[in-house]
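Asker: Structure below; questions to follow.
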Amino acid sequence: MDRTNPSTAIIRERTKSFGLGCSSVGVEYHTRCAEALINSLNCTTPRHAKITKTLLLKQIINLNLIADAFIVANKTSSLPMRRQLDYNLRVRQLLSIQRSKLHILIDNNEHFTNKLEKRTLLVSDKKIMLTIQNLIVSIIDSLKSLGVNSLTELIQGYNNSHVISLTSLQDKYRSSWKENHEQAFRCLVALLSSPPTQDITPDIARNIFKSSKFPTLPTLVTNHTPTQITYEPSSIPGLVTAFCETKKHNQPESR
């Protein structure tokens with residue numbers, strides 16, 4: 001709100017002067033959302049805390065699937081995605097924490113808030129733009145959930161010249177392997193095997209994402225063989241450092 005707006009003045013005025021004593025509507029909203037989620041996660045009733053955590057994770061997974069479907073369907077408006085937030089209260093509360101530059105940390109590791117970068121990028125603008133940043137977030141989130149903690153785990157050969165084969169990665173993480181892990185790995189391979197002089201534009205990022213979801217026959221044939229790296233990993237913004245990003249604290253709380 002504009003500072004000169006009468007309603008804003010009433011909200012920010014001190015309670016002794018018959019105002020609400022709030023710094024702003026936005027601050028009040030984000031504060032209440034953050035308190036509600038943190039209090040529920042830290043609830044002394046184990047059942048309540050467990051249900052809150054389970055519901056939050058389910059809502060994040062569901063929104064991930066919806067977002068991926070919108071991208072594959074070439075949807076350009078973020079309005080349908082933003083409307084989905086109306087039915088996902090816990091995610092809305094989590095977004096308030098993230099947008100306030102806060103983090104939820106448990107046992108010195110960040111939880112929940114690090115799972116929303118993709119959602120934030122897709123709902124923050126009026127148009128859905130699958131940039132290289134969106135693509136990197138999708139890749140890293142999925143591979144980290146699989147157990148891959150370093151890019152070097154996926155590279156082999158003399159001077160790290162090749163990406164390991166899909167089947168070798170599946171064999172290593174067979175017990176926890178899921179479809180989204182395969183898609184993320186295919187995206188990574190497509191990125192690292194792109195022409196070295198090619199800029200990863202939003203259109204190219206979207207095509208890489210779509211092709212990873214519906215691989216062509218030549219792509220399937222190379223599942224058992226390593227792929228040569230033609231695009232230097234360090235030249236892809238955020239790819240190398242994203243594996244190392246962690247935040248610290250011990251109990252579920254926002255900081």
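Every chain in the structure tokens has a letter given in the order shown (A, B, ...), and although residue numbers restart at 1 in each chain, ligands are simply numbered from 1 in the order shown.
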As a PyMOL selection string, please: all residues of segment 17-252 of chain A that backbone DSSP puts in alpha helix (DSSP H).
Answerer: chain A and resi 25-41+46-72+79-84+89-99+117-123+132-146+166-172+179-192+202-213+217-221+239-242
Asker: Find the residue from A:Glu232, A:Glu182, A:Glu35, A:Glu110 that sits nearest to Ile97 of chain A; use only C-alpha atoms when measuring.
Answerer: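 Among the listed residues, the smallest separation from Ile97 of chain A belongs to A:Glu35.
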Asker: Between A:Thr230, A:Thr131, A:Ser77, A:Asn39, which has the minimum distance to Thr197 of chain A (counting only C-alpha atoms)?
Answerer: A:Thr230
Asker: A:Asn62, A:Asn149, A:Ser24, A:Ser161: which is nearest Tyr87 of chain A, counting only C-alpha atoms?
Answerer: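 So, comparing all the options, the nearest one is A:Asn62.
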Asker: Compare A:Leu94, A:Val25, A:Ile164, A:Met81 by their minimum atom-to-atom distance to Asn64 of chain A, counting only C-alpha atoms, and give me the closest one.
Answerer: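 Among the listed residues, the smallest separation from Asn64 of chain A belongs to A:Met81.
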Asker: Restricting the calculation to only C-alpha atoms, which member of A:Gln183, A:Asn223, A:Thr167, A:Asn160 is positioned closest to Asp141 of chain A?
Answerer: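 For Asp141 of chain A, the nearest of the candidates is A:Gln183.
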Asker: Need the shell around Ser100 of chain A: protein/DNA/RNA residues with any atom at most 9 Å away, counting only C-alpha atoms. Skip same-chain ones fewer than 4 positions apart. Format as a list in words?
Answerer: Val27, His30, Thr31, Leu95 and Ser96 of chain A
Asker: Please determine, counting only C-alpha atoms, which residue among A:Leu166, A:Val72, A:Ile136, A:Ile106 has the shortest atom-to-atom distance to Phe214 of chain A.
Answerer: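 Between A:Leu166, A:Val72, A:Ile136, A:Ile106, the residue approaching Phe214 of chain A most closely is A:Val72.
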Asker: Quick one: pull the distance between atom CA of Ile200 of chain A and atom CA of Leu65 of chain A, Å, one decimal.
Answerer: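 One can read the atom CA of Ile200 of chain A to atom CA of Leu65 of chain A distance as 23.4 Å.
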Asker: Write out as an mmCIF file with C-alpha atoms, in the first residue's frame each polymer residue whose atoms come within 10 Å of Ser175 of chain A, counting only C-alpha atoms; drop sequence neighbours fewer than 4 positions from it.
Answerer:
```
data_model
loop_
_atom_site.group_PDB
_atom_site.id
_atom_site.type_symbol
_atom_site.label_atom_id
_atom_site.label_comp_id
_atom_site.auth_asym_id
_atom_site.auth_seq_id
_atom_site.Cartn_x
_atom_site.Cartn_y
_atom_site.Cartn_z
ATOM 1 C CA LEU A 146 17.992 -39.312 -4.311
ATOM 2 C CA GLN A 170 19.951 -46.449 -11.171
ATOM 3 C CA ASP A 171 22.000 -49.403 -9.932
#
```
Asker: In Å, how far is it from atom CA of Val163 of chain A to atom CA of Pro226 of chain A?
Answerer: 5.4 Å
Asker: Write out as a PyMOL selection string each polymer residue whose atoms come within 12 Å of Val240 of chain A, counting only C-alpha atoms; drop sequence neighbours fewer than 5 positions from it.
Answerer: chain A and resi 136-137+139-140+149-154+188+192+232-235+245
Asker: Could you check how far atom CA of Lys53 of chain A sits from atom CA of Glu28 of chain A, in Å to one decimal?
Answerer: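 For atom CA of Lys53 of chain A relative to atom CA of Glu28 of chain A, the distance reads 23.6 Å.
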